[in-house]
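Colleague: Okay, so here is work09.cif, and as you'll see once you scroll down, it has mmCIF, C-alpha atoms and all ligand atoms.
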data_final
#
loop_
_atom_site.label_atom_id
_atom_site.label_comp_id
_atom_site.auth_asym_id
_atom_site.auth_seq_id
_atom_site.Cartn_x
_atom_site.Cartn_y
_atom_site.Cartn_z
CA MET A 1 -9.17 -4.08 -19.53
CA SER A 2 -10.32 -6.36 -16.66
CA ALA A 3 -9.29 -9.53 -18.52
CA SER A 4 -5.73 -8.23 -18.90
CA GLY A 5 -2.77 -9.19 -16.76
CA PHE A 6 -1.88 -7.50 -13.48
CA GLU A 7 0.91 -5.28 -14.84
CA THR A 8 -1.21 -4.14 -17.81
CA ARG A 9 -4.09 -3.18 -15.54
CA ALA A 10 -1.74 -1.41 -13.12
CA ILE A 11 -0.57 0.79 -15.99
CA HIS A 12 -3.78 1.29 -17.97
CA THR A 13 -6.99 0.58 -16.04
CA GLY A 14 -8.86 3.81 -15.27
CA GLN A 15 -6.14 5.69 -17.13
CA ASP A 16 -7.24 6.10 -20.75
CA PRO A 17 -5.57 9.00 -22.58
CA ASP A 18 -7.28 12.27 -21.66
CA ALA A 19 -10.25 12.84 -24.00
CA ALA A 20 -9.64 16.62 -24.22
CA SER A 21 -5.91 16.65 -24.98
CA GLY A 22 -4.76 13.08 -25.63
CA ALA A 23 -2.43 13.32 -22.61
CA VAL A 24 -1.21 9.79 -21.87
CA VAL A 25 -0.97 10.49 -18.15
CA PRO A 26 -4.34 11.38 -16.60
CA PRO A 27 -4.34 15.05 -15.58
CA ILE A 28 -4.29 16.00 -11.90
CA THR A 29 -7.70 17.64 -11.73
CA LEU A 30 -7.43 20.23 -8.99
CA ALA A 31 -10.84 21.80 -9.56
CA THR A 32 -13.08 21.64 -6.52
CA THR A 33 -16.28 22.14 -8.53
CA PHE A 34 -17.54 21.20 -12.01
CA ALA A 35 -19.74 23.20 -14.39
CA GLN A 36 -23.34 22.03 -14.85
CA SER A 37 -25.10 22.56 -18.17
CA ASP A 38 -28.41 22.77 -16.31
CA VAL A 39 -29.41 22.19 -12.70
CA GLY A 40 -28.21 18.68 -11.85
CA GLU A 41 -26.85 18.13 -15.40
CA HIS A 42 -23.14 17.35 -15.33
CA GLN A 43 -20.50 14.94 -16.65
CA GLY A 44 -20.33 12.78 -13.52
CA PHE A 45 -18.63 15.22 -11.16
CA GLU A 46 -20.17 17.98 -9.02
CA TYR A 47 -17.86 18.67 -6.09
CA SER A 48 -14.44 17.15 -5.41
CA ARG A 49 -15.17 15.67 -1.99
CA SER A 50 -17.97 13.64 -3.58
CA GLY A 51 -15.99 12.68 -6.67
CA ASN A 52 -12.90 13.76 -8.58
CA PRO A 53 -11.53 12.47 -11.92
CA THR A 54 -8.00 11.78 -10.61
CA ARG A 55 -9.42 9.95 -7.59
CA LEU A 56 -11.75 7.98 -9.85
CA ALA A 57 -8.78 6.89 -11.97
CA LEU A 58 -7.01 5.61 -8.84
CA GLU A 59 -10.13 3.94 -7.47
CA THR A 60 -10.85 2.20 -10.77
CA CYS A 61 -7.28 0.96 -11.09
CA LEU A 62 -6.89 -0.33 -7.51
CA ALA A 63 -10.34 -1.97 -7.49
CA SER A 64 -9.32 -3.86 -10.63
CA LEU A 65 -6.02 -4.97 -9.09
CA GLU A 66 -7.83 -6.32 -6.01
CA GLY A 67 -10.46 -8.02 -8.21
CA ALA A 68 -13.17 -5.88 -6.60
CA ARG A 69 -16.35 -4.32 -7.99
CA HIS A 70 -15.88 -1.20 -5.85
CA GLY A 71 -12.94 0.83 -4.59
CA PHE A 72 -12.68 3.91 -2.39
CA ALA A 73 -9.62 6.06 -1.79
CA PHE A 74 -9.04 7.80 1.53
CA ALA A 75 -6.66 10.36 3.00
CA SER A 76 -4.83 7.69 5.03
CA GLY A 77 -4.90 3.99 5.79
CA LEU A 78 -6.50 4.73 9.14
CA ALA A 79 -9.22 6.84 7.50
CA ALA A 80 -9.96 3.84 5.26
CA GLU A 81 -10.10 1.56 8.32
CA ASP A 82 -12.38 4.02 10.08
CA ALA A 83 -14.79 4.04 7.13
CA LEU A 84 -15.00 0.24 7.35
CA LEU A 85 -15.41 0.15 11.13
CA ARG A 86 -18.27 2.67 10.89
CA GLN A 87 -20.21 0.02 8.97
CA LEU A 88 -20.41 -2.20 12.07
CA PRO A 89 -23.51 -1.84 14.24
CA ARG A 90 -22.77 -0.01 17.51
CA GLY A 91 -22.18 -2.47 20.31
CA SER A 92 -21.04 -5.29 18.07
CA HIS A 93 -17.82 -7.21 18.60
CA ILE A 94 -14.60 -6.91 16.60
CA VAL A 95 -11.98 -9.67 16.58
CA LEU A 96 -8.52 -8.27 15.84
CA GLY A 97 -5.45 -10.39 15.20
CA ASN A 98 -3.14 -10.29 18.23
CA ASP A 99 -0.29 -9.08 16.05
CA ALA A 100 -1.45 -6.02 14.14
CA TYR A 101 -0.44 -2.47 13.32
CA GLY A 102 -0.47 -0.41 16.55
CA GLY A 103 -2.59 2.30 14.95
CA THR A 104 -5.32 -0.20 14.11
CA PHE A 105 -5.32 -1.33 17.75
CA ARG A 106 -5.44 2.32 18.89
CA LEU A 107 -8.38 3.13 16.60
CA ILE A 108 -10.39 0.15 17.82
CA ASP A 109 -9.41 0.34 21.50
CA LYS A 110 -9.24 4.10 22.03
CA VAL A 111 -11.90 5.39 19.61
CA TYR A 112 -14.43 2.60 19.00
CA ARG A 113 -14.40 0.84 22.42
CA PRO A 114 -15.26 4.01 24.40
CA ALA A 115 -18.07 4.65 21.89
CA GLY A 116 -19.70 1.28 22.60
CA TRP A 117 -18.07 -1.39 20.47
CA THR A 118 -16.25 -4.33 22.05
CA TRP A 119 -13.19 -6.15 20.75
CA SER A 120 -10.88 -9.01 21.60
CA PRO A 121 -7.46 -10.04 20.35
CA ALA A 122 -7.06 -13.49 18.77
CA ASP A 123 -4.27 -15.61 17.39
CA LEU A 124 -5.71 -15.84 13.90
CA THR A 125 -3.11 -18.42 12.88
CA ASP A 126 -5.05 -20.85 15.14
CA VAL A 127 -8.45 -21.23 13.48
CA ASP A 128 -9.58 -23.98 15.89
CA ALA A 129 -8.99 -21.67 18.87
CA LEU A 130 -10.82 -18.88 17.04
CA ALA A 131 -13.83 -21.19 16.62
CA ARG A 132 -13.71 -22.29 20.27
CA GLU A 133 -13.48 -18.77 21.65
CA TRP A 134 -15.94 -17.18 19.21
CA ALA A 135 -18.09 -14.41 20.73
CA GLU A 136 -21.68 -14.59 19.48
CA ASP A 137 -21.94 -10.86 18.73
CA THR A 138 -18.82 -10.83 16.50
CA THR A 139 -19.52 -8.88 13.31
CA VAL A 140 -16.02 -8.75 11.86
CA VAL A 141 -12.71 -10.58 11.97
CA TRP A 142 -9.92 -8.15 11.12
CA ILE A 143 -6.95 -9.93 9.57
CA GLU A 144 -3.48 -8.72 8.78
CA THR A 145 -1.40 -11.19 6.83
CA PRO A 146 1.54 -11.20 6.89
CA THR A 147 1.15 -9.53 10.28
CA ASN A 148 2.85 -6.35 11.42
CA PRO A 149 5.46 -6.71 12.88
CA ALA A 150 5.88 -10.47 13.57
CA LEU A 151 5.11 -11.56 9.96
CA ALA A 152 2.83 -14.42 10.95
CA VAL A 153 0.67 -15.81 8.15
CA VAL A 154 -3.10 -16.18 8.53
CA ASP A 155 -5.06 -18.64 6.38
CA ILE A 156 -7.58 -16.20 4.87
CA GLU A 157 -9.72 -18.93 3.31
CA ALA A 158 -10.07 -20.87 6.59
CA VAL A 159 -10.90 -17.78 8.67
CA ALA A 160 -13.41 -16.56 6.06
CA GLU A 161 -15.14 -19.94 6.01
CA LEU A 162 -15.49 -19.92 9.81
CA ALA A 163 -16.56 -16.26 10.03
CA HIS A 164 -19.15 -16.60 7.28
CA ALA A 165 -20.61 -19.73 8.87
CA ARG A 166 -21.06 -17.67 12.06
CA GLY A 167 -22.52 -14.63 10.29
CA ALA A 168 -19.49 -12.32 10.50
CA ARG A 169 -17.54 -10.46 7.84
CA VAL A 170 -13.81 -10.63 7.18
CA VAL A 171 -11.59 -7.65 6.49
CA VAL A 172 -8.01 -8.18 5.31
CA ASP A 173 -5.39 -5.48 5.65
CA ASN A 174 -3.42 -6.22 2.47
CA THR A 175 -0.83 -3.49 3.02
CA PHE A 176 2.14 -5.84 3.51
CA ALA A 177 1.34 -8.23 0.67
CA THR A 178 -0.24 -5.87 -1.91
CA PRO A 179 -2.60 -7.24 -4.57
CA TYR A 180 0.42 -8.32 -6.61
CA LEU A 181 1.27 -10.98 -4.01
CA GLN A 182 -2.13 -11.78 -2.50
CA LEU A 183 -5.81 -11.41 -3.47
CA PRO A 184 -7.91 -11.66 -0.27
CA LEU A 185 -11.29 -11.22 -1.99
CA GLU A 186 -10.59 -14.33 -4.11
CA LEU A 187 -9.85 -16.16 -0.86
CA GLY A 188 -13.23 -15.21 0.64
CA ALA A 189 -12.61 -11.87 2.39
CA ASP A 190 -15.46 -9.34 2.26
CA ALA A 191 -13.26 -6.26 2.12
CA VAL A 192 -9.63 -5.32 1.70
CA VAL A 193 -8.05 -2.29 3.32
CA HIS A 194 -4.73 -0.65 2.47
CA SER A 195 -2.38 1.94 3.68
CA THR A 196 -1.45 3.14 0.17
CA THR A 197 1.28 5.09 1.96
CA LYS A 198 3.31 1.87 1.73
CA TYR A 199 4.00 -0.37 -1.29
CA LEU A 200 1.23 1.01 -3.51
CA GLY A 201 2.63 4.56 -3.33
CA GLY A 202 6.06 3.02 -3.01
CA HIS A 203 8.23 6.14 -2.70
CA SER A 204 7.66 7.51 0.83
CA ASP A 205 6.06 10.68 -0.51
CA VAL A 206 2.31 10.27 -0.04
CA VAL A 207 -0.07 9.22 2.76
CA GLY A 208 -3.23 7.45 1.63
CA GLY A 209 -5.69 4.63 2.19
CA PHE A 210 -7.99 2.40 0.18
CA VAL A 211 -10.94 0.05 0.63
CA ALA A 212 -11.90 -2.59 -1.96
CA THR A 213 -15.02 -4.75 -1.83
CA SER A 214 -17.42 -6.59 -4.11
CA ASP A 215 -20.20 -6.45 -1.50
CA ASP A 216 -22.67 -3.91 -2.90
CA ASP A 217 -24.26 -3.08 0.49
CA LEU A 218 -20.90 -2.57 2.15
CA ALA A 219 -19.83 -0.44 -0.81
CA ASP A 220 -22.92 1.77 -0.45
CA GLY A 221 -22.12 2.33 3.22
CA ILE A 222 -18.48 3.15 2.55
CA ALA A 223 -19.34 5.49 -0.32
CA PHE A 224 -21.71 7.30 2.02
CA VAL A 225 -19.08 7.70 4.77
CA GLN A 226 -16.40 8.72 2.24
CA ASN A 227 -18.57 11.65 1.21
CA ALA A 228 -20.33 12.36 4.51
CA ALA A 229 -17.22 12.30 6.73
CA GLY A 230 -14.98 13.53 3.90
CA ALA A 231 -11.57 11.96 4.66
CA VAL A 232 -10.67 12.03 0.97
CA PRO A 233 -7.18 12.21 -0.57
CA SER A 234 -6.15 15.24 -2.63
CA PRO A 235 -5.92 14.86 -6.42
CA LEU A 236 -2.12 15.20 -6.20
CA ASP A 237 -2.01 12.38 -3.64
CA CYS A 238 -4.18 10.22 -5.92
CA TYR A 239 -1.82 10.90 -8.81
CA LEU A 240 1.23 9.93 -6.73
CA VAL A 241 -0.32 6.61 -5.68
CA LEU A 242 -1.43 5.94 -9.27
CA ARG A 243 2.11 6.59 -10.51
CA GLY A 244 3.52 4.29 -7.83
CA VAL A 245 1.14 1.49 -8.75
CA LYS A 246 2.40 1.43 -12.36
CA THR A 247 5.69 -0.10 -11.14
CA LEU A 248 4.27 -2.15 -8.27
CA ALA A 249 4.92 -5.53 -9.87
CA VAL A 250 8.58 -4.92 -10.72
CA ARG A 251 9.23 -3.29 -7.38
CA MET A 252 7.62 -6.17 -5.47
CA ASP A 253 9.70 -8.73 -7.37
CA ARG A 254 12.85 -6.90 -6.29
CA HIS A 255 11.63 -6.33 -2.71
CA CYS A 256 10.97 -10.08 -2.43
CA HIS A 257 14.36 -10.99 -3.89
CA ASN A 258 16.27 -8.66 -1.57
CA ALA A 259 14.21 -9.79 1.43
CA ARG A 260 15.07 -13.43 0.73
CA VAL A 261 18.80 -12.68 0.66
CA VAL A 262 18.60 -10.55 3.82
CA ALA A 263 16.48 -13.15 5.69
CA GLU A 264 18.94 -15.91 4.83
CA VAL A 265 21.91 -13.84 6.00
CA LEU A 266 20.15 -13.00 9.26
CA ALA A 267 19.14 -16.63 9.79
CA GLY A 268 22.81 -17.62 9.73
CA HIS A 269 24.01 -14.83 12.04
CA PRO A 270 25.10 -15.81 15.58
CA ARG A 271 23.72 -12.65 17.23
CA VAL A 272 20.26 -13.11 15.73
CA ASP A 273 17.80 -15.28 17.63
CA ARG A 274 14.74 -15.72 15.40
CA VAL A 275 14.12 -14.55 11.84
CA MET A 276 10.55 -13.95 10.74
CA TRP A 277 10.01 -14.06 6.98
CA PRO A 278 7.31 -16.32 5.50
CA GLY A 279 9.64 -17.47 2.72
CA LEU A 280 11.92 -19.35 5.12
CA ALA A 281 11.09 -23.08 5.13
CA HIS A 282 10.99 -23.20 8.95
CA HIS A 283 8.47 -20.32 9.20
CA PRO A 284 5.25 -21.74 10.74
CA GLY A 285 3.12 -20.12 8.03
CA HIS A 286 5.37 -21.06 5.10
CA GLU A 287 3.02 -23.61 3.52
CA ILE A 288 -0.02 -21.31 3.80
CA ALA A 289 2.00 -18.42 2.40
CA LYS A 290 3.07 -20.61 -0.55
CA ARG A 291 -0.60 -21.33 -1.23
CA GLN A 292 -2.07 -17.85 -0.84
CA MET A 293 0.80 -15.58 -1.91
CA ARG A 294 2.74 -15.24 -5.17
CA ASP A 295 5.94 -14.53 -3.23
CA PHE A 296 6.78 -13.76 0.40
CA GLY A 297 7.07 -9.99 0.58
CA GLY A 298 9.70 -7.41 1.43
CA MET A 299 9.24 -7.21 5.22
CA VAL A 300 11.65 -9.09 7.48
CA SER A 301 11.64 -9.08 11.30
CA PHE A 302 14.12 -10.62 13.69
CA THR A 303 14.85 -10.78 17.40
CA MET A 304 18.30 -10.23 18.86
CA ARG A 305 19.85 -12.65 21.33
CA GLY A 306 20.96 -9.67 23.42
CA GLY A 307 17.39 -8.45 23.96
CA GLU A 308 16.23 -4.84 23.72
CA SER A 309 19.62 -3.16 24.11
CA ALA A 310 21.10 -5.24 21.27
CA ALA A 311 18.06 -4.45 19.09
CA LEU A 312 18.43 -0.73 19.79
CA ASP A 313 22.14 -0.92 18.95
CA VAL A 314 21.44 -2.48 15.56
CA VAL A 315 18.78 0.03 14.54
CA ARG A 316 21.15 2.89 15.44
CA ARG A 317 24.07 1.52 13.44
CA THR A 318 22.86 0.80 9.91
CA LYS A 319 23.75 3.32 7.20
CA VAL A 320 21.91 2.15 4.08
CA PHE A 321 18.87 1.07 6.10
CA THR A 322 17.46 4.37 7.40
CA LEU A 323 16.10 4.43 10.95
CA ALA A 324 12.48 5.44 10.36
CA GLU A 325 8.86 4.39 10.76
CA SER A 326 6.75 3.33 7.76
CA LEU A 327 7.60 0.72 5.14
CA GLY A 328 7.08 -0.41 1.60
CA ALA A 329 9.09 2.16 -0.32
CA VAL A 330 12.12 1.86 -2.58
CA GLU A 331 14.54 2.72 0.24
CA SER A 332 15.34 0.25 3.00
CA LEU A 333 14.15 1.17 6.50
CA ILE A 334 14.91 -0.26 9.93
CA GLU A 335 12.95 0.32 13.12
CA HIS A 336 12.28 -0.84 16.67
CA PRO A 337 8.50 -1.53 16.75
CA ALA A 338 8.15 -1.66 20.56
CA ARG A 339 9.35 1.95 20.84
CA MET A 340 8.27 3.26 17.45
CA THR A 341 5.41 1.98 15.23
CA HIS A 342 3.83 -0.15 17.97
CA ALA A 343 4.47 2.06 21.01
CA SER A 344 0.68 2.61 21.25
CA ALA A 345 0.28 -1.14 21.95
CA ALA A 346 2.52 -1.07 25.07
CA GLY A 347 0.82 -2.81 28.00
CA SER A 348 -1.87 -4.30 25.72
CA PRO A 349 -2.23 -7.88 24.40
CA LEU A 350 -0.63 -6.57 21.19
CA GLU A 351 2.57 -5.46 22.92
CA VAL A 352 5.67 -6.21 20.83
CA ASP A 353 8.80 -8.07 22.00
CA PRO A 354 11.39 -5.33 22.69
CA ALA A 355 14.13 -7.57 21.21
CA LEU A 356 12.41 -7.34 17.81
CA VAL A 357 13.77 -5.34 14.88
CA ARG A 358 11.68 -4.76 11.76
CA LEU A 359 13.15 -4.24 8.30
CA SER A 360 11.42 -2.88 5.25
CA VAL A 361 13.82 -4.24 2.66
CA GLY A 362 14.08 -1.82 -0.24
CA ILE A 363 15.23 -2.25 -3.82
CA GLU A 364 18.81 -1.02 -3.50
CA THR A 365 21.78 -3.14 -4.63
CA THR A 366 21.40 -6.40 -2.72
CA ALA A 367 25.05 -6.65 -1.63
CA ASP A 368 24.96 -3.14 -0.13
CA LEU A 369 22.07 -4.16 2.12
CA VAL A 370 23.88 -7.29 3.29
CA VAL A 371 27.15 -5.43 3.99
CA ASP A 372 25.25 -2.74 5.91
CA LEU A 373 23.39 -5.23 8.13
CA GLU A 374 26.45 -7.36 8.75
CA ALA A 375 28.40 -4.29 9.81
CA ALA A 376 25.63 -3.16 12.19
CA LEU A 377 25.22 -6.65 13.67
CA GLY A 378 28.96 -7.19 13.99
CA ALA A 379 29.32 -4.02 16.02
CA THR A 380 26.84 -5.04 18.71
C1 LIG A 401 -0.46 -2.73 8.11
C2 LIG A 401 -0.86 -1.29 8.25
N1 LIG A 401 -2.15 -0.95 8.12
C3 LIG A 401 -2.57 0.32 8.23
C4 LIG A 401 -1.68 1.35 8.50
C5 LIG A 401 -2.19 2.77 8.65
O1 LIG A 401 -1.96 3.48 7.48
P1 LIG A 401 -1.68 5.07 7.43
O2 LIG A 401 -0.41 5.33 8.18
O3 LIG A 401 -1.60 5.36 5.97
O4 LIG A 401 -2.84 5.74 8.08
C6 LIG A 401 -0.32 1.06 8.62
C7 LIG A 401 0.64 2.14 8.89
O5 LIG A 401 1.80 1.89 9.17
C8 LIG A 401 0.10 -0.30 8.50
O6 LIG A 401 1.39 -0.64 8.64
#
Mind turning this structure into structure tokens?
Ligand SMILES: Cc1ncc(COP(=O)(O)O)c(C=O)c1O
Modeller:
Amino acid sequence: MSASGFETRAIHTGQDPDAASGAVVPPITLATTFAQSDVGEHQGFEYSRSGNPTRLALETCLASLEGARHGFAFASGLAAEDALLRQLPRGSHIVLGNDAYGGTFRLIDKVYRPAGWTWSPADLTDVDALAREWAEDTTVVWIETPTNPALAVVDIEAVAELAHARGARVVVDNTFATPYLQLPLELGADAVVHSTTKYLGGHSDVVGGFVATSDDDLADGIAFVQNAAGAVPSPLDCYLVLRGVKTLAVRMDRHCHNARVVAEVLAGHPRVDRVMWPGLAHHPGHEIAKRQMRDFGGMVSFTMRGGESAALDVVRRTKVFTLAESLGAVESLIEHPARMTHASAAGSPLEVDPALVRLSVGIETTADLVVDLEAALGAT
């Protein structure tokens, strides 16, 4: 199935009809243990933390979509990130983009730094500066692109070339783009990490994470941690992500379409200062995004001319856009990153502009989203 197109693999890879019953949808295998015909003789599964058929179906499918030889599902995006970070030698240096998910910052700064690792923030859109300020003991450059929440675009190929020349690995958090829009491993990344809670699940009803890599040594290390630390998703969670992935391509097309309309409306609104969406021609990363992405994604951020109070007014006033954290599902969400998703970055180099509002543009009727935003903006 690996030679097939994206949508075909999303629907079929790892998901052959069930051999026992012919069921077209892979069963949710809840069993924690699997019968052995003799000591050590089994059909590939012993104990569900180590391996589970529903999880294997998800891992096979997502690895194929990312173009990876190996894939590992986790109980959350942060558990997936943790499994990757554990692969770095203690004491080594992590470079994190200076605009990144607050939870990633918290994991690195509040869990790994006290345990002996060092890290520094970097503007990964400026590869020359990254080269100039390179710390010799850097073992990984951790990229988000587009970034959360400012939607900057990082040139994955250029960063990977630099990092590899200096002996470091590159991880790309592909949560915002998804493998439908962007394939980091093809662009030179060593590993991809996901919060499958977002677009891959797609329906705001499951928390999960995923790591994809074609590096066999890295894969061995992650497989070991997945089993040894045990932050695995339940079979039901795996099933929900797998079901979400089947419609990823059509959902992403609609997310991108709605985001374009919303971004253009915001860009023409007098109360809005700056609109951040890589599809806008004036976006500083537009040309790179055109090169490395199929389309520009469903996330749109903007700053309000009236500062924080105006931003808070807008997020309180929408009706179709629900005020909530998270992103990437069918319903549109609005939030205030400085006080919500990125509150953990307050006072750090990753602190977010309090005038910034982040939208996860859903797949509702386009005109309803525009009317809702215009009403909320008009009232401020
Ligand atoms: C870009 C990004 N990466 C990782 C995560 C963490 O994922 P999870 O919440 O599934 O642990 C998030 C969560 O919002 C995110 O937005």
Colleague: For ligand LIG 401 (chain A), collect every residue having any atom at a distance of at most 8 Å from a ligand atom (counting only C-alpha atoms and all ligand atoms); output as a ChimeraX atom specification.
Modeller: /A:75-81,100-101,103-104,144,147-148,173-176,193-198,207-209,325-327,341
Colleague: Give me, as a PDB file with C-alpha atoms, in the frame of the given file, all polymer residues having an atom no more than 7 Å from segment 119-123 of chain A, counting all atoms listed in the file and skipping those fewer than 4 positions away in the same chain.
Modeller:
ATOM      1  CA  HIS A  93     -17.820  -7.210  18.600  1.00  0.00           C
ATOM      2  CA  ILE A  94     -14.600  -6.910  16.600  1.00  0.00           C
ATOM      3  CA  VAL A  95     -11.980  -9.670  16.580  1.00  0.00           C
ATOM      4  CA  LEU A  96      -8.520  -8.270  15.840  1.00  0.00           C
ATOM      5  CA  GLY A  97      -5.450 -10.390  15.200  1.00  0.00           C
ATOM      6  CA  ASN A  98      -3.140 -10.290  18.230  1.00  0.00           C
ATOM      7  CA  LEU A 130     -10.820 -18.880  17.040  1.00  0.00           C
ATOM      8  CA  PRO A 349      -2.230  -7.880  24.400  1.00  0.00           C
TER       9      PRO A 349
END
Colleague: If you measure from atom CA of Cys256 of chain A to atom CA of Leu369 of chain A, what distance in Å do you get, rounded to one decimal?
Modeller: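 Atom CA of Leu369 of chain A lies at a distance of 13.4 Å from atom CA of Cys256 of chain A.
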Colleague: For a quick check of your reading of the model, name the residues lying within 9 Å of the coordinate (-12.0, -2.1, 21.8), counting only C-alpha atoms, and write them as a list in words.
Modeller: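 Output of the proximity query reads His93, Ile94, Phe105, Arg106, Leu107, Ile108, Asp109, Lys110, Val111, Tyr112, Arg113, Pro114, Gly116, Trp117, Thr118, Trp119 and Ser120 of chain A.
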Colleague: Per residue of segment 142-233 of chain A within 9 Å of segment 285-309 of chain A, note the shortest atom pair and the distance in Å to one decimal, counting all atoms listed in the file, and order the rows by chain and increasing residue number, as CSV.
Modeller:
residue,atom,partner,partner_atom,distance
A:Pro146,CA,A:Gly297,CA,8.5
A:Asn148,CA,A:Met299,CA,8.9
A:Pro149,CA,A:Ser301,CA,6.8
A:Ala150,CA,A:Ser301,CA,6.3
A:Leu151,CA,A:Ser301,CA,7.1
A:Ala152,CA,A:Gly285,CA,6.4
A:Val153,CA,A:Gly285,CA,5.0
A:Val154,CA,A:Gly285,CA,7.4
A:Asp155,CA,A:Ile288,CA,6.3
A:Ile156,CA,A:Gln292,CA,8.1
A:Glu157,CA,A:Gln292,CA,8.8
A:Phe176,CA,A:Gly297,CA,7.1
A:Ala177,CA,A:Gly297,CA,6.0
A:Thr178,CA,A:Gly297,CA,8.8
A:Tyr180,CA,A:Arg294,CA,7.4
A:Leu181,CA,A:Arg294,CA,4.7
A:Gln182,CA,A:Met293,CA,4.8
A:Leu183,CA,A:Gln292,CA,7.9
A:Pro184,CA,A:Gln292,CA,8.5
A:Leu187,CA,A:Gln292,CA,8.0
Colleague: Quick one, how far is atom CA of Tyr47 of chain A from atom CA of Gly201 of chain A?
Modeller: 25.0 Å
Colleague: Please list as a list in words every residue within 7 Å of segment 220-237 of chain A, counting all atoms listed in the file and excluding residues in the same chain fewer than 6 positions away.
Modeller: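 That gives Ile28, Thr29, Leu30, Arg49, Ser50, Thr54, Arg55, Ala73, Phe74, Ala75, Ala79, Ala83, Leu84, Gln87, Val206 and Gly208 of chain A.
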Colleague: Write out as a list of chain:residue names each polymer residue whose atoms come within 10 Å of His203 of chain A, counting all atoms listed in the file; drop sequence neighbours fewer than 3 positions from it.
Modeller: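 Once the adjacent positions are removed, what remains is A:Thr197, A:Lys198, A:Tyr199, A:Leu200, A:Val206, A:Leu240, A:Val241, A:Arg243, A:Gly244, A:Leu327, A:Gly328, A:Ala329, A:Val330, A:Glu331.
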